Protein chains: 2
Amino acid sequence: MSDQLHPVEITPNGQGFLPGIAIDAVIFGFHQNQLKILLLEYRNTGLMALPGGFILATENLNDAARRVLSERTGLDDIYLEQFYVFGDLNRADPAPMRAIMTAKGLIPAEHHWLLGRFISVGYYALVDFTKAVPIPDSLSDSCGWYDLSNLPPLIQDHKTIVQKALNTLRTDLDRKLIGFNLLPETFTMADLQSLYETILDQKQHRSGFQRKMLSLGILERLDKHYSGGAHKAPYLYRFITESQQL
Amino acid sequence: MSDQLHPVEITPNGQGFLPGIAIDAVIFGFHQNQLKILLLEYRNTGLMALPGGFILATENLNDAARRVLSERTGLDDIYLEQFYVFGDLNRADPAPMRAIMTAKGLIPAEHHWLLGRFISVGYYALVDFTKAVPIPDSLSDSCGWYDLSNLPPLIQDHKTIVQKALNTLRTDLDRKLIGFNLLPETFTMADLQSLYETILDQKQHRSGFQRKMLSLGILERLDKHYSGGAHKAPYLYRFITESQQL
DNA sequence: TCAAAAGTGTTCGTGATACACCCATGT
DNA sequence: ACATGGGTGTATCACGAACACTTTTGA
C-alpha cells in the first residue's frame with residue numbers, strides 16, 4: 001500500500017526515480033450529472049495539467065500509479081487502468097515545466113531532468129466524487145475538479161491524453177461493468193442512467209436501461225429513497241461486489 | 001519509415017537509446033490452421049525470447065515498435081497495437097541476458113545497461129505469414145515461427161506477455177475487424193472461419209459465420225478457387241480496405 | 001386530483017442459432 | 001452416382017428498442 005504520511009517528493013536531480021518515464025493520470029469523477037476530472041493548477045503561470053508522477057526505482061509501475069492516485073485523492077483501492085503510452089518526440093515541450101519551476105523560485109538548469117523527453121504511461125481512474133479529497137502536489141498550488149465538457153487549456157499533449165482516456169472509458173464501460181466505481185455506495189437507477197448517458201454522450205431508453213442493468217444481476221435493491229419530490233419514490237440500489245457475491 | 005538497409009545496432013553502453021525502456025513484440029501469424037508467433041533463439045543458451053528492442057532518443061515510441069517489426073519480418077505497414085506496459089520489479093532478471101551475452105563472447109559488466117530494470121511496452125502485431133521473412137537480431141541466432149499452442153519456455157515474463165497479447169487480440173478481434181491482417185490477399189470463407197476459431201478457441205457455426213462476415217460489407221467476392229478437391233469450389237474473398245471503399 | 005417520476009408489461013424488429021436443402025466438383 | 005464440402009433458405013429464439021400502462025408521491 002502507498003504511504004500517504006510521507007508522500008514521495010521530487011528530488012533535485014531525479015535520483016531514486018526511473019529516468020525518462022512518467023505517469024499521467026486521468027482521474028474521473030461524477031457529480032451533478034457532470035463527468036469531471038482532476039486537474040492541477042500552477043499559480044502565477046496559469047498552466048494546468050493532469051496529475052502525474054514518476055516511478056521509484058524500488059516500485060512497480062502500477063504501484064507508482066496507485067501512489068499518485070492516493071496522493072491526489074486521499075483514496076486507496078481505486079479502480080485504475082492503463083490505457084496508452086504516449087511516446088512521441090514532439091510531446092516533449094520544456095517550456096511549461098520551465099515556467100512552472102521558475103514561478104516556484106527554482107532556477108532550472110538547461111538540461112534539468114524534468115525538462116527532457118519523457119515517455120508517459122497513461123492511466124485512467126474512476127473515483128467516488130463524494131469521497132475524494134483533491135490534494136495538490138509539491139509543484140502545484142491547487143488540485144480540483146473540472147467539467148470534462150468545459151476543460152481549460154492544458155499543457156503539452158494532456159488534452160490528447162484526456163481524449164484517449166475518455167474513449168477508452170467509453171469502450172470499457174459496458175464490457176467491464178466499471179461505471180459503479182464513479183457512484184456513491186447507494187444510488188438510484190436514474191443516477192446510474194445519467195452516468196451512462198454522460199459518459200457515452202447519448203440518451204439511454206429508460207425502461208430498457210433499467211431492465212438491462214437489473215438483468216446483469218449485479219444490483220441489490222434497497223429501501224426507497226424519498227426525495228421530497230411530488231412523485232413516486234425510486235429504489236436505492238447497491239452494486240454487489242465480487243466479494244459480496246461469494 | 002524505418003530504414004531496413006541499416007538496422008539499428010545495440011550500442012555497448014546504451015548510448016543513443018532511452019534508458020530503462022524497451023519494447024516487446026508479440027508478432028502473430030497464421031498458417032495451416034495454427035496461430036503462431038515469432039520467437040528468437042539464442043544459441044548455446046537454449047533461451048528463447050520475444051523480439052524486442054529499444055527506443056532511439058530521436059524516435060517516436062510507436063516508430064520504434066514499427067522499426068522492430070520491420071527488422072524482424074522485412075515487412076512495412078504492419079498492423080500494430082500497444083496492449084500493455086510491463087513494469088513490475090520482479091520482471092527484472094539479469095541471468096538470461098547475462099548468459100546470452102556470455103555465449104556471444106561478451107563479458108558483461110556488473111551493471112551493464114542491458115542487465116538493469118526495464119519497463120517494457122508490449123505491442124502485438126498481425127502479419128501475413130506468407131509474406132514475412134523472419135530475421136534474427138544481432139544478439140540472436142535464429143528467428144522463427146512457433147505454434148502458440150506449443151510454445152517452448154521463454155525467458156523472464158515473456159510467457160505472461162504472450163498471454164496478455166492473446167487476450168487482447170481476442171477481445172479486439174470482432175470490435176476492430178483486424179483478423180484480415182493475418183490472411184493473404186485472398187482467402188476462402190473456410191480460411192477466415194478457421195482463423196476465427198483458432199484465435200477464439202471455439203467452433204463457429206458455418207452458415208452463421210458466413211452470413212455475419214458477409215453482412216459486414218467488407219468482403220469482396222472474387223473468382224472461385226479450384227482446389228482439386230472432390231467438392232464444390234469455394235469463392236475467394238478479398239478484404240476491402242478503407243482506401244478502396246472511397 | 002393532478003403532474004411528475006418510477007416501475008413494469010407488451011409488441012416489434014433485428015440478429016444469432018440451428019437445421020435443412022441444394023449446388024458444384026472430382027473420383 | 002456419390003461423397004464431400006460450399007452456399008443459401010428458413011424457422012426459431014433471445015434480446016434490445018419503443019411504446020404504453022400502472023403505481024406512487026407530494027403539492
# chains A, B, ... in the order shown; residues from 1 in each chain; ligands from 1
>>> interface_residues(of="chain C", to="chain B", cutoff="12 Å", atoms="only C-alpha atoms (C1' of nucleotides)", output="VMD selection string")
chain C and resid 15 to 20 22 to 27
>>> interface_residues(of="chain D", to="chain B", cutoff="9 Å", atoms="only C-alpha atoms (C1' of nucleotides)", output="list of chain:residue names")
D:DA3, D:DT4, D:DG5, D:DG6, D:DG7, D:DT8
>>> select_by_dssp(residues="stretch 67-110 of chain B", states="helix (DSSP H, G or I)", output="PyMOL selection string")
chain B and resi 67-73+89-91+94-103
>>> closest_residue(among="A:Leu114, A:Met48, A:Ile119, A:Leu80", to="chain B", atoms="only C-alpha atoms")
A:Ile119
>>> residues_around(residues="A:Phe54", least_positions_apart="4", cutoff="9 Å", atoms="only C-alpha atoms (C1' of nucleotides)", output="number ranges by chain")
A: 10, 17-23, 64-65, 68
>>> select_by_dssp(residues="stretch 49-192 of chain B", states="strand (DSSP E)", output="JSON, numbers by chain")
{"B": [49, 52, 53, 54, 55, 56, 79, 80, 81, 82, 83, 84, 85, 86, 119, 120, 121, 122, 123, 124, 125, 126, 142, 143, 144, 145, 146, 147, 186, 187, 188]}
>>> closest_residue(among="B:Arg66, B:Arg221, B:Arg117, B:Arg72", to="B:Pro94", atoms="only C-alpha atoms")
B:Arg117
>>> interface_residues(of="chain A", to="chain B", cutoff="12 Å", atoms="only C-alpha atoms", output="PyMOL selection string")
chain A and resi 17-23+55-65+81-92+116-123+171-172+175-176
>>> atom_distance(atom1="atom CA of A:Gly16", atom2="atom CA of A:Arg67")
15.3 Å
>>> residues_around(residues="B:Phe28", least_positions_apart="4", cutoff="6 Å", atoms="only C-alpha atoms (C1' of nucleotides)", output="list of chain:residue names")
B:Lys36, B:Ile37, B:Ala125, B:Leu126
>>> write_last_selection(atoms="all heavy atoms", output="PDB file, in the first residue's frame")
ATOM      1  N   LYS B  36       0.534 -18.635 -34.799  1.00  0.00           N
ATOM      2  CA  LYS B  36       1.959 -18.723 -34.472  1.00  0.00           C
ATOM      3  C   LYS B  36       2.486 -17.361 -34.053  1.00  0.00           C
ATOM      4  O   LYS B  36       1.903 -16.328 -34.394  1.00  0.00           O
ATOM      5  CB  LYS B  36       2.740 -19.201 -35.705  1.00  0.00           C
ATOM      6  CG  LYS B  36       2.379 -20.625 -36.151  1.00  0.00           C
ATOM      7  CD  LYS B  36       2.846 -20.882 -37.575  1.00  0.00           C
ATOM      8  CE  LYS B  36       2.387 -22.240 -38.079  1.00  0.00           C
ATOM      9  NZ  LYS B  36       3.126 -23.349 -37.474  1.00  0.00           N
ATOM     10  N   ILE B  37       3.589 -17.371 -33.355  1.00  0.00           N
ATOM     11  CA  ILE B  37       4.281 -16.113 -33.060  1.00  0.00           C
ATOM     12  C   ILE B  37       5.762 -16.260 -33.376  1.00  0.00           C
ATOM     13  O   ILE B  37       6.302 -17.364 -33.414  1.00  0.00           O
ATOM     14  CB  ILE B  37       4.121 -15.673 -31.586  1.00  0.00           C
ATOM     15  CG1 ILE B  37       4.712 -16.704 -30.650  1.00  0.00           C
ATOM     16  CG2 ILE B  37       2.656 -15.427 -31.258  1.00  0.00           C
ATOM     17  CD1 ILE B  37       4.754 -16.241 -29.210  1.00  0.00           C
ATOM     18  N   ALA B 125       1.361  -7.565 -33.038  1.00  0.00           N
ATOM     19  CA  ALA B 125       1.308  -7.282 -34.469  1.00  0.00           C
ATOM     20  C   ALA B 125       0.681  -8.460 -35.195  1.00  0.00           C
ATOM     21  O   ALA B 125       0.780  -9.599 -34.753  1.00  0.00           O
ATOM     22  CB  ALA B 125       2.708  -7.032 -35.015  1.00  0.00           C
ATOM     23  N   LEU B 126       0.011  -8.166 -36.278  1.00  0.00           N
ATOM     24  CA  LEU B 126      -0.598  -9.208 -37.105  1.00  0.00           C
ATOM     25  C   LEU B 126       0.021  -9.135 -38.488  1.00  0.00           C
ATOM     26  O   LEU B 126      -0.024  -8.086 -39.131  1.00  0.00           O
ATOM     27  CB  LEU B 126      -2.116  -9.005 -37.194  1.00  0.00           C
ATOM     28  CG  LEU B 126      -2.845  -8.858 -35.860  1.00  0.00           C
ATOM     29  CD1 LEU B 126      -4.340  -8.670 -36.091  1.00  0.00           C
ATOM     30  CD2 LEU B 126      -2.595 -10.065 -34.973  1.00  0.00           C
TER      31      LEU B 126
END
>>> residues_around(residues="A:Leu106", least_positions_apart="6", cutoff="12 Å", atoms="only C-alpha atoms (C1' of nucleotides)", output="ChimeraX atom specification")
/A:12,97-100,112,139
>>> write_last_selection(atoms="C-alpha atoms", output="mmCIF file, in the first residue's frame")
data_model
loop_
_atom_site.group_PDB
_atom_site.id
_atom_site.type_symbol
_atom_site.label_atom_id
_atom_site.label_comp_id
_atom_site.auth_asym_id
_atom_site.auth_seq_id
_atom_site.Cartn_x
_atom_site.Cartn_y
_atom_site.Cartn_z
ATOM 1 C CA PRO A 12 16.512 17.824 -7.350
ATOM 2 C CA MET A 97 7.786 22.992 -16.971
ATOM 3 C CA ARG A 98 10.435 25.685 -17.097
ATOM 4 C CA ALA A 99 7.781 28.307 -16.418
ATOM 5 C CA ILE A 100 6.418 26.289 -13.531
ATOM 6 C CA HIS A 112 17.387 19.640 -15.881
ATOM 7 C CA LEU A 139 4.859 21.668 -7.685
#
>>> atom_distance(atom1="atom CA of B:Ile78", atom2="atom CA of B:Lys164")
19.7 Å
>>> atom_distance(atom1="atom CA of B:Cys143", atom2="atom CA of B:His158")
15.6 Å
>>> residues_around(residues="B:Leu219", least_positions_apart="3", cutoff="12 Å", atoms="only C-alpha atoms (C1' of nucleotides)", output="PyMOL selection string")
chain B and resi 177+180+185-189+192+210-216+222+235-242+244-245
>>> residues_around(residues="B:Leu169", least_positions_apart="4", cutoff="8 Å", atoms="only C-alpha atoms (C1' of nucleotides)", output="PyMOL selection string")
chain B and resi 165+173+199
